[in-house]
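Asker: Can you read through this structure? Questions will come right after.
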Amino acid sequence: MSAVREQPAVPPDTGPRRAAAVDVEGVTRVFGGRTGEVVALQDVDLRVAAGEFVSLIGPSGCGKSTLLRLVADLDEPTSGTVRVFGRSAREARLGRDYGIAFQQAGLLPWRTVRANVELPLALAGTGRAGRRERADELLALVDLAEFADHHPDQLSGGMQQRVAIARALADEPSLLLMDEPFGALDEMTREHLQAQLLRICAETRAAVVFVTHSIPEAVFLSDRVVVMSPRPGRVQAVVPVVLDRAGAATPGSGPHDDAGDDLRTDPAFFGTVAAVRDALRGTAAGRGAEVR
Ligand SMILES: Nc1ncnc2c1ncn2[C@@H]1O[C@H](COP(=O)(O)OP(=O)(O)OP(=O)(O)O)[C@@H](O)[C@H]1O
């Protein structure tokens with residue numbers, strides 16, 4: 001446990017100075033309310049390097065979504081700073097530096113599924129033919145090609161989430177902010193999309209900040225798993241994930257072609273799952289953490 005805790009939430013700066021995808025420094029977020037103040041986050045530091053995949057995990061109410069919302073400039077810290085590729089969170093939002101897929105799909109009900117996926121491309125000025133081609137490619141990726149002309153209310157919750165994931169990927173952002181994007185999906189679809197997400201991130205070199213309640217999901221996807229403590233939310237532990245992803249990606253098997261079964265049965269995978277579980281037990285002892 002102590003070896004795990006010693007891992008920094010801020011990875012060492014290597015090579016020439018390059019802006020981190022996400023740089024959260026000393027962030028506190030206090031919500032005021034009639035029943036008193038809630039310190040959702042206290043003095044949180046988190047640095048996500050360009051191209052790095054970091055998951056946030058922790059008991060319900062520990063501030064994971066709040067942290068993601070601060071990075072996405074959907075909320076502001078009470079104190080501390082948030083920078084995205086060296087810019088303020090607001091500048092990054094205006095510059096569309098990232099794609100978002102949150103728990104609620106947030107699709108526009110009056111647009112077709114294809115038109116929803118095309119939206120970031122339209123904002124980026126991509127021509128009609130290019131938008132359509134890319135949207136259809138992404139809809140095929142999330143197995144929704146035949147629903148391109150449907151409207152969101154004709155789709156199940158899980159299908160809507162998959163549309164939101166396709167939309168988040170449309171403009172090949174260098175940063176993806178994902179809040180339990182696979183939460184409403186069945187296990188097989190979930191594993192398939194996890195593997196697809198890894199493949200896409202490897203191809204596009206996108207950094208990802210990913211909120212989940214699932215320890216195996218966090219370990220399967222991440223370079224580092226950040227374990228947060230219950231209120232006030234803080235970074236409690238950081239568990240590095242060292243898996244032989246390249247070795248598992250042989251043709252016909254591994255995360256690049258199927259659901260990543262080779263990795264999921266690797267002893268190193270189980271060992272890391274156990275390390276995250278231990279870290280969570282440390283943070284959530286007696287508090288009934290909602291983690292699987
Ligand atoms: N807009 C708000 N106003 C008041 N309190 C809030 C607001 N948003 C979040 N909180 C509080 O901040 C704390 C952290 O909430 P947050 O949603 O970030 O937790 P979480 O770790 O994402 O939880 P879960 O795993 O259940 O989704 C909670 O106590 C919550 O009640």
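Residue names in the structure tokens use chain letters A, B, ... in the order shown, residue numbers from 1 in each chain, and ligand numbers from 1 in the order shown.
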Among range 38-237 of chain A, which residues does DSSP mark as strand (DSSP E) when it is run on the backbone? Keep the chain and numbering as in the structure and answer as number ranges by chain.
Answerer: A: 38-48, 53-57, 79-84, 87-88, 98-101, 175-179, 207-211, 224-228, 235-237
Asker: Hey, could you make a per-residue contact list for chain A against ligand 1 with 7 Å as the cut-off, showing the nearest pair of atoms and its distance in Å to one decimal, counting only C-alpha atoms and all ligand atoms, sorted by chain and number, as a tab-separated table?
Answerer:
residue	atom	partner	partner_atom_place_in_ligand_line	distance
A:Phe31	CA	ligand 1	4 (C)	4.8
A:Gly32	CA	ligand 1	4 (C)	6.4
A:Gly33	CA	ligand 1	4 (C)	6.5
A:Val38	CA	ligand 1	5 (N)	6.2
A:Val39	CA	ligand 1	12 (O)	6.9
A:Ala40	CA	ligand 1	12 (O)	4.2
A:Gly58	CA	ligand 1	21 (O)	6.4
A:Pro59	CA	ligand 1	25 (O)	6.0
A:Ser60	CA	ligand 1	25 (O)	3.6
A:Gly61	CA	ligand 1	19 (O)	3.4
A:Cys62	CA	ligand 1	21 (O)	3.9
A:Gly63	CA	ligand 1	18 (O)	3.2
A:Lys64	CA	ligand 1	21 (O)	3.9
A:Ser65	CA	ligand 1	22 (O)	3.7
A:Thr66	CA	ligand 1	18 (O)	3.7
A:Leu67	CA	ligand 1	18 (O)	6.5
A:His213	CA	ligand 1	25 (O)	6.8
A:Arg231	CA	ligand 1	29 (O)	6.8
Asker: Could you pull out all residues of range 14-153 of chain A with a DSSP call of alpha helix (DSSP H) and give them as a VMD selection string?
Answerer: chain A and resid 64 to 71 89 to 94 113 to 123 128 to 141
Asker: Within 9 Å of Leu74 in chain A, counting only C-alpha atoms, which residues qualify if same-chain residues fewer than 5 places away don't, as a PyMOL selection string?
Answerer: chain A and resi 68-69+90
Asker: Please dump the current selection as an mmCIF file, in the first residue's frame; keep N, CA and C atoms.
Answerer:
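Printed below is again-v1.cif as written:
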data_model
loop_
_atom_site.group_PDB
_atom_site.id
_atom_site.type_symbol
_atom_site.label_atom_id
_atom_site.label_comp_id
_atom_site.auth_asym_id
_atom_site.auth_seq_id
_atom_site.Cartn_x
_atom_site.Cartn_y
_atom_site.Cartn_z
ATOM 1 N N LEU A 68 -13.906 16.443 -13.067
ATOM 2 C CA LEU A 68 -14.009 16.407 -14.528
ATOM 3 C C LEU A 68 -14.724 17.652 -15.054
ATOM 4 N N ARG A 69 -15.743 18.075 -14.338
ATOM 5 C CA ARG A 69 -16.495 19.269 -14.773
ATOM 6 C C ARG A 69 -15.627 20.525 -14.706
ATOM 7 N N ARG A 90 -11.274 27.598 -19.703
ATOM 8 C CA ARG A 90 -12.212 28.330 -20.580
ATOM 9 C C ARG A 90 -11.663 28.430 -22.004
#
Asker: Can I get the residues of range 131-235 of chain A within 7 Å of range 263-287 of chain A, each with the closest pair of atoms and their distance in Å to one decimal, using only C-alpha atoms, sorted chain first then ascending number, as a Markdown table?
Answerer:
| residue | atom | partner | partner_atom | distance |
| --- | --- | --- | --- | --- |
| A:Ile215 | CA | A:Val273 | CA | 6.2 |
| A:Pro216 | CA | A:Val273 | CA | 6.1 |
| A:Val219 | CA | A:Val273 | CA | 6.3 |
| A:Val227 | CA | A:Leu280 | CA | 6.6 |
| A:Ser229 | CA | A:Thr283 | CA | 5.1 |
| A:Pro230 | CA | A:Ala284 | CA | 6.8 |
Asker: Go ahead and save the residues from that selection, with C-alpha atoms, as a PDB file, in the first residue's frame.
Answerer:
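Wrote it out as selection19.pdb, contents follow:
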ATOM      1  CA  ILE A 215     -11.867  -1.384 -10.912  1.00  0.00           C
ATOM      2  CA  PRO A 216     -11.278  -3.847 -13.802  1.00  0.00           C
ATOM      3  CA  VAL A 219      -7.098  -1.099 -14.851  1.00  0.00           C
ATOM      4  CA  VAL A 227      -7.895   6.727  -6.219  1.00  0.00           C
ATOM      5  CA  SER A 229     -10.896   9.635  -0.870  1.00  0.00           C
ATOM      6  CA  PRO A 230     -14.400  10.396   0.424  1.00  0.00           C
TER       7      PRO A 230
END
